[in-house]
Amino acid sequence: MTSTLEIKINKIAKSRVSDYDVNNVPFGKCFSDHMFIAEYADGAWQKAYIEPYQNVPLSYATSALHYGQAIFEGMKAYKNDAGEVSLFRPIENFNRLNKSAIRMAMPEVPEEIFMGGLIELLKLDAAWVPQSETGSLYIRPFIIATDEAIGVKASETYKFIIITCPAGKYYSEPIKVLVETNYFRAVHGGVGFVKAAGNYGRSLYPTKLAQQKGYQQVIWTDSKTHQYVEESGTMNLMFVIGDTLLTPELSDTILSGITRNSVLSLAKLWGMKIEERKISIREVLTAHGNGTLKEAFGCGTAATIAQIVSIGYEGKDYDLPAVETRKFSNKVDETLRNIRKGKIKDEMNWMMKVH
């Protein structure tokens, strides 16, 4: 795309990519050569530049550290067999970042900055995109408040930054989840529907407690009654009960996941029954008891499809059917992977070629 904003590029002297096997690195710990930064001050986005990835010194009074004005996105780039790099539904991430910005009293990012900076960054760091079957380049766009001042108010300066890292599978195996009935992730009128950093900070302690009991993640329930399921960990939640795909309806306590939307779009294309509504944990366990609960899984950018093999509730574990018997979630996982890798036709026009 053509941008009217000049992006100054300072390339790294020597790429670090040869120091790593990008097809076999831990998720989120190995970062690509460059980063994109745009600066906001005096009511406008003023500077945009790409420079070598590096640590950035911040004042200990930086507003984001004290008052939580920090939002982010998660997205991925993929490389096909021909070595071409493509993005999966990037405009959806752009729109959702600005939705988060509005809720957190932060400036929206113009499309020319978001997409222009992202594309230039990916062209520079195309060698970092894994070509393995399950590999991708994880992309983290984020905005932080940068006022160097103590005082509870919206910052007047911000930075929009994009960093990237090669990634393989987020979960190496199917997960056990614990239904959380004490702590909650989000409340009505809050920020659960956007990707605010604080949403994730508040989730860590309940998740740690669940992990100490042998579970990898939690199923969050509604804050009022703890009877209705909402999300699982950092993912949207889905069940196949009988011949129907069920998922909690969107609200201001549930993130509108791009993978969630993609799964529902494929289910609709395939003629599957879909219900987006309130789902009680009792309904799920009743279906388990009568043998109609066929599948349960989380879906999100990092994991794509995370199969749930056991649900813990009130001191009892409810084991689910074997993953290899799950027709829908395995089919949707394979289909999304093949679309992203260019192995089958992109009927939904979800992919944007970069390089």
# chains A, B, ... in the order shown; residues from 1 in each chain; ligands from 1
$ select_by_dssp --residues "range 145-254 of chain A" --states "strand (DSSP E or B)" --output "VMD selection string"
chain A and resid 145 148 158 to 167 175 to 179 196 217 to 221 228 to 232 235 to 241 244 to 247
$ residues_around --residues "Ser136 in chain A" --least-positions-apart "4" --cutoff "7 Å" --atoms "only C-alpha atoms" --output "list in words"
Lys76, Ala77, Tyr78, Val129, Pro130, Pro166, Ala167 and Gly168 of chain A
$ write_last_selection --atoms "all heavy atoms" --output "mmCIF file, in the first residue's frame"
data_model
loop_
_atom_site.group_PDB
_atom_site.id
_atom_site.type_symbol
_atom_site.label_atom_id
_atom_site.label_comp_id
_atom_site.auth_asym_id
_atom_site.auth_seq_id
_atom_site.Cartn_x
_atom_site.Cartn_y
_atom_site.Cartn_z
ATOM 1 N N LYS A 76 -0.635 -12.919 12.961
ATOM 2 C CA LYS A 76 0.426 -13.769 12.436
ATOM 3 C C LYS A 76 0.632 -13.575 10.944
ATOM 4 O O LYS A 76 -0.302 -13.251 10.202
ATOM 5 C CB LYS A 76 0.106 -15.244 12.709
ATOM 6 C CG LYS A 76 0.263 -15.665 14.167
ATOM 7 C CD LYS A 76 -0.042 -17.138 14.332
ATOM 8 C CE LYS A 76 0.218 -17.604 15.761
ATOM 9 N NZ LYS A 76 -0.104 -19.053 15.921
ATOM 10 N N ALA A 77 1.876 -13.819 10.523
ATOM 11 C CA ALA A 77 2.227 -13.899 9.112
ATOM 12 C C ALA A 77 2.685 -15.325 8.824
ATOM 13 O O ALA A 77 3.255 -15.993 9.693
ATOM 14 C CB ALA A 77 3.331 -12.906 8.762
ATOM 15 N N TYR A 78 2.437 -15.778 7.596
ATOM 16 C CA TYR A 78 2.730 -17.153 7.205
ATOM 17 C C TYR A 78 3.522 -17.164 5.913
ATOM 18 O O TYR A 78 3.418 -16.257 5.094
ATOM 19 C CB TYR A 78 1.422 -17.939 7.021
ATOM 20 C CG TYR A 78 0.579 -17.999 8.269
ATOM 21 C CD1 TYR A 78 -0.294 -16.944 8.591
ATOM 22 C CD2 TYR A 78 0.653 -19.072 9.142
ATOM 23 C CE1 TYR A 78 -1.060 -16.989 9.743
ATOM 24 C CE2 TYR A 78 -0.112 -19.120 10.298
ATOM 25 C CZ TYR A 78 -0.961 -18.077 10.593
ATOM 26 O OH TYR A 78 -1.714 -18.115 11.735
ATOM 27 N N VAL A 129 10.184 -15.474 8.977
ATOM 28 C CA VAL A 129 8.899 -16.175 8.946
ATOM 29 C C VAL A 129 9.153 -17.669 8.742
ATOM 30 O O VAL A 129 9.698 -18.067 7.712
ATOM 31 C CB VAL A 129 7.989 -15.650 7.825
ATOM 32 C CG1 VAL A 129 6.620 -16.326 7.890
ATOM 33 C CG2 VAL A 129 7.844 -14.130 7.914
ATOM 34 N N PRO A 130 8.758 -18.511 9.691
ATOM 35 C CA PRO A 130 8.986 -19.956 9.535
ATOM 36 C C PRO A 130 8.207 -20.519 8.343
ATOM 37 O O PRO A 130 7.132 -20.030 8.000
ATOM 38 C CB PRO A 130 8.448 -20.537 10.853
ATOM 39 C CG PRO A 130 8.488 -19.399 11.824
ATOM 40 C CD PRO A 130 8.188 -18.184 11.002
ATOM 41 N N PRO A 166 9.357 -15.355 15.560
ATOM 42 C CA PRO A 166 8.982 -16.643 14.975
ATOM 43 C C PRO A 166 8.377 -17.540 16.041
ATOM 44 O O PRO A 166 8.777 -17.497 17.211
ATOM 45 C CB PRO A 166 10.308 -17.200 14.443
ATOM 46 C CG PRO A 166 11.362 -16.490 15.214
ATOM 47 C CD PRO A 166 10.813 -15.146 15.558
ATOM 48 N N ALA A 167 7.390 -18.354 15.649
ATOM 49 C CA ALA A 167 6.674 -19.146 16.642
ATOM 50 C C ALA A 167 6.218 -20.474 16.054
ATOM 51 O O ALA A 167 5.891 -20.566 14.867
ATOM 52 C CB ALA A 167 5.464 -18.371 17.158
ATOM 53 N N GLY A 168 6.204 -21.480 16.900
ATOM 54 C CA GLY A 168 5.625 -22.763 16.554
ATOM 55 C C GLY A 168 4.295 -22.913 17.276
ATOM 56 O O GLY A 168 3.575 -21.942 17.488
#
$ closest_atom_pairs --of "range 287-312 of chain A" --to "range 239-253 of chain A" --cutoff "6 Å" --atoms "only C-alpha atoms" --output "JSON lines"
{"residue": "A:Thr292", "atom": "CA", "partner": "A:Gly242", "partner_atom": "CA", "distance": 4.9}
{"residue": "A:Leu293", "atom": "CA", "partner": "A:Ile241", "partner_atom": "CA", "distance": 4.5}
{"residue": "A:Lys294", "atom": "CA", "partner": "A:Val240", "partner_atom": "CA", "distance": 5.4}
{"residue": "A:Glu295", "atom": "CA", "partner": "A:Val240", "partner_atom": "CA", "distance": 4.9}
{"residue": "A:Ala296", "atom": "CA", "partner": "A:Phe239", "partner_atom": "CA", "distance": 4.4}
$ select_by_dssp --residues "range 139-259 of chain A" --states "alpha helix (DSSP H)" --output "mmCIF file with all heavy atoms, in the first residue's frame"
data_model
loop_
_atom_site.group_PDB
_atom_site.id
_atom_site.type_symbol
_atom_site.label_atom_id
_atom_site.label_comp_id
_atom_site.auth_asym_id
_atom_site.auth_seq_id
_atom_site.Cartn_x
_atom_site.Cartn_y
_atom_site.Cartn_z
ATOM 1 N N ALA A 197 -3.993 -4.474 28.499
ATOM 2 C CA ALA A 197 -2.973 -5.270 29.190
ATOM 3 C C ALA A 197 -3.451 -5.759 30.553
ATOM 4 O O ALA A 197 -3.154 -6.889 30.962
ATOM 5 C CB ALA A 197 -1.693 -4.446 29.339
ATOM 6 N N GLY A 198 -4.212 -4.931 31.254
ATOM 7 C CA GLY A 198 -4.675 -5.291 32.588
ATOM 8 C C GLY A 198 -5.558 -6.522 32.629
ATOM 9 O O GLY A 198 -5.617 -7.219 33.645
ATOM 10 N N ASN A 199 -6.256 -6.804 31.534
ATOM 11 C CA ASN A 199 -7.082 -8.013 31.484
ATOM 12 C C ASN A 199 -6.237 -9.258 31.712
ATOM 13 O O ASN A 199 -6.685 -10.234 32.321
ATOM 14 C CB ASN A 199 -7.773 -8.140 30.122
ATOM 15 C CG ASN A 199 -8.898 -7.140 29.936
ATOM 16 O OD1 ASN A 199 -9.373 -6.543 30.881
ATOM 17 N ND2 ASN A 199 -9.312 -6.965 28.689
ATOM 18 N N TYR A 200 -5.030 -9.227 31.192
ATOM 19 C CA TYR A 200 -4.169 -10.396 31.252
ATOM 20 C C TYR A 200 -3.439 -10.462 32.589
ATOM 21 O O TYR A 200 -3.226 -11.538 33.137
ATOM 22 C CB TYR A 200 -3.214 -10.377 30.055
ATOM 23 C CG TYR A 200 -4.005 -10.410 28.759
ATOM 24 C CD1 TYR A 200 -4.544 -9.243 28.226
ATOM 25 C CD2 TYR A 200 -4.285 -11.608 28.125
ATOM 26 C CE1 TYR A 200 -5.326 -9.259 27.081
ATOM 27 C CE2 TYR A 200 -5.068 -11.638 26.980
ATOM 28 C CZ TYR A 200 -5.584 -10.464 26.459
ATOM 29 O OH TYR A 200 -6.381 -10.489 25.341
ATOM 30 N N GLY A 201 -3.081 -9.298 33.123
ATOM 31 C CA GLY A 201 -2.450 -9.266 34.434
ATOM 32 C C GLY A 201 -3.343 -9.848 35.514
ATOM 33 O O GLY A 201 -2.892 -10.605 36.374
ATOM 34 N N LEU A 204 -3.548 -13.864 35.834
ATOM 35 C CA LEU A 204 -2.389 -14.702 36.114
ATOM 36 C C LEU A 204 -2.491 -15.475 37.429
ATOM 37 O O LEU A 204 -2.112 -16.650 37.492
ATOM 38 C CB LEU A 204 -1.118 -13.843 36.108
ATOM 39 C CG LEU A 204 -0.812 -13.139 34.777
ATOM 40 C CD1 LEU A 204 0.442 -12.286 34.917
ATOM 41 C CD2 LEU A 204 -0.661 -14.140 33.654
ATOM 42 N N TYR A 205 -3.007 -14.831 38.472
ATOM 43 C CA TYR A 205 -3.064 -15.509 39.767
ATOM 44 C C TYR A 205 -4.044 -16.678 39.766
ATOM 45 O O TYR A 205 -3.680 -17.797 40.176
ATOM 46 C CB TYR A 205 -3.393 -14.516 40.879
ATOM 47 C CG TYR A 205 -3.440 -15.139 42.258
ATOM 48 C CD1 TYR A 205 -2.294 -15.698 42.818
ATOM 49 C CD2 TYR A 205 -4.621 -15.190 42.983
ATOM 50 C CE1 TYR A 205 -2.323 -16.283 44.077
ATOM 51 C CE2 TYR A 205 -4.669 -15.769 44.244
ATOM 52 C CZ TYR A 205 -3.515 -16.318 44.784
ATOM 53 O OH TYR A 205 -3.545 -16.903 46.020
ATOM 54 N N PRO A 206 -5.292 -16.507 39.292
ATOM 55 C CA PRO A 206 -6.195 -17.656 39.217
ATOM 56 C C PRO A 206 -5.638 -18.781 38.337
ATOM 57 O O PRO A 206 -5.809 -19.968 38.649
ATOM 58 C CB PRO A 206 -7.476 -17.074 38.616
ATOM 59 C CG PRO A 206 -7.414 -15.626 38.934
ATOM 60 C CD PRO A 206 -5.967 -15.261 38.891
ATOM 61 N N THR A 207 -4.965 -18.408 37.247
ATOM 62 C CA THR A 207 -4.374 -19.421 36.371
ATOM 63 C C THR A 207 -3.249 -20.165 37.087
ATOM 64 O O THR A 207 -3.120 -21.395 36.963
ATOM 65 C CB THR A 207 -3.836 -18.766 35.087
ATOM 66 O OG1 THR A 207 -4.898 -18.055 34.442
ATOM 67 C CG2 THR A 207 -3.287 -19.808 34.139
ATOM 68 N N LYS A 208 -2.458 -19.442 37.872
ATOM 69 C CA LYS A 208 -1.386 -20.080 38.648
ATOM 70 C C LYS A 208 -1.967 -21.091 39.635
ATOM 71 O O LYS A 208 -1.435 -22.203 39.787
ATOM 72 C CB LYS A 208 -0.597 -19.003 39.395
ATOM 73 C CG LYS A 208 0.519 -19.529 40.278
ATOM 74 C CD LYS A 208 1.229 -18.403 41.004
ATOM 75 C CE LYS A 208 2.306 -18.932 41.943
ATOM 76 N NZ LYS A 208 2.986 -17.834 42.676
ATOM 77 N N LEU A 209 -3.050 -20.725 40.290
ATOM 78 C CA LEU A 209 -3.687 -21.644 41.241
ATOM 79 C C LEU A 209 -4.195 -22.897 40.536
ATOM 80 O O LEU A 209 -4.070 -24.014 41.057
ATOM 81 C CB LEU A 209 -4.851 -20.939 41.955
ATOM 82 C CG LEU A 209 -4.481 -19.749 42.844
ATOM 83 C CD1 LEU A 209 -5.740 -19.140 43.464
ATOM 84 C CD2 LEU A 209 -3.484 -20.151 43.927
ATOM 85 N N ALA A 210 -4.769 -22.714 39.344
ATOM 86 C CA ALA A 210 -5.257 -23.865 38.577
ATOM 87 C C ALA A 210 -4.098 -24.762 38.149
ATOM 88 O O ALA A 210 -4.197 -25.996 38.200
ATOM 89 C CB ALA A 210 -6.035 -23.385 37.357
ATOM 90 N N GLN A 211 -2.990 -24.149 37.757
ATOM 91 C CA GLN A 211 -1.831 -24.935 37.322
ATOM 92 C C GLN A 211 -1.243 -25.745 38.468
ATOM 93 O O GLN A 211 -0.755 -26.859 38.269
ATOM 94 C CB GLN A 211 -0.785 -24.006 36.708
ATOM 95 C CG GLN A 211 -1.223 -23.438 35.360
ATOM 96 C CD GLN A 211 -0.326 -22.331 34.842
ATOM 97 O OE1 GLN A 211 0.481 -21.764 35.588
ATOM 98 N NE2 GLN A 211 -0.464 -21.987 33.565
ATOM 99 N N GLN A 212 -1.321 -25.204 39.668
ATOM 100 C CA GLN A 212 -0.836 -25.940 40.830
ATOM 101 C C GLN A 212 -1.680 -27.179 41.101
ATOM 102 O O GLN A 212 -1.225 -28.120 41.763
ATOM 103 C CB GLN A 212 -0.832 -25.023 42.058
ATOM 104 C CG GLN A 212 0.235 -23.940 42.003
ATOM 105 C CD GLN A 212 0.117 -22.917 43.123
ATOM 106 O OE1 GLN A 212 -0.878 -22.882 43.852
ATOM 107 N NE2 GLN A 212 1.128 -22.074 43.264
ATOM 108 N N ILE A 258 -10.797 -12.929 16.347
ATOM 109 C CA ILE A 258 -10.735 -13.064 14.893
ATOM 110 C C ILE A 258 -10.714 -14.539 14.508
ATOM 111 O O ILE A 258 -11.346 -14.942 13.523
ATOM 112 C CB ILE A 258 -9.510 -12.305 14.358
ATOM 113 C CG1 ILE A 258 -9.705 -10.804 14.625
ATOM 114 C CG2 ILE A 258 -9.307 -12.555 12.858
ATOM 115 C CD1 ILE A 258 -8.449 -9.981 14.536
ATOM 116 N N THR A 259 -10.037 -15.370 15.297
ATOM 117 C CA THR A 259 -10.090 -16.812 15.053
ATOM 118 C C THR A 259 -11.496 -17.323 15.323
ATOM 119 O O THR A 259 -12.010 -18.170 14.579
ATOM 120 C CB THR A 259 -9.066 -17.548 15.930
ATOM 121 O OG1 THR A 259 -7.773 -16.974 15.734
ATOM 122 C CG2 THR A 259 -9.010 -19.023 15.575
#
$ closest_residue --among "A:Ile281, A:Val354, A:Ile161, A:Ala149" --to "Thr181 in chain A" --atoms "only C-alpha atoms"
A:Ile281
$ atom_distance --atom1 "CA of Met75 in chain A" --atom2 "CA of Ile175 in chain A"
22.1 Å
$ residues_around --residues "range 49-58 of chain A" --least-positions-apart "6" --cutoff "6 Å" --atoms "only C-alpha atoms" --output "VMD selection string"
chain A and resid 7 to 10 12 33 to 37
$ closest_residue --among "A:Glu347, A:Glu334, A:Asp319, A:Glu275" --to "Thr304 in chain A" --atoms "only C-alpha atoms"
A:Glu334
$ closest_residue --among "A:Arg337, A:Lys273, A:Arg16, A:Lys29" --to "Tyr138 in chain A" --atoms "only C-alpha atoms"
A:Lys29
$ closest_residue --among "A:Ile71, A:Trp270, A:Ala13, A:Glu120" --to "Arg103 in chain A" --atoms "only C-alpha atoms"
A:Ile71
$ atom_distance --atom1 "CA of Gly291 in chain A" --atom2 "CA of Leu320 in chain A"
9.5 Å
$ atom_distance --atom1 "CA of Phe27 in chain A" --atom2 "CA of Ile102 in chain A"
29.6 Å
$ closest_residue --among "A:Arg96, A:His188, A:Lys153, A:His355" --to "Gly257 in chain A" --atoms "only C-alpha atoms"
A:Arg96
$ closest_residue --among "A:Lys14, A:Lys327, A:Arg140, A:Arg202" --to "Phe31 in chain A" --atoms "only C-alpha atoms"
A:Arg140
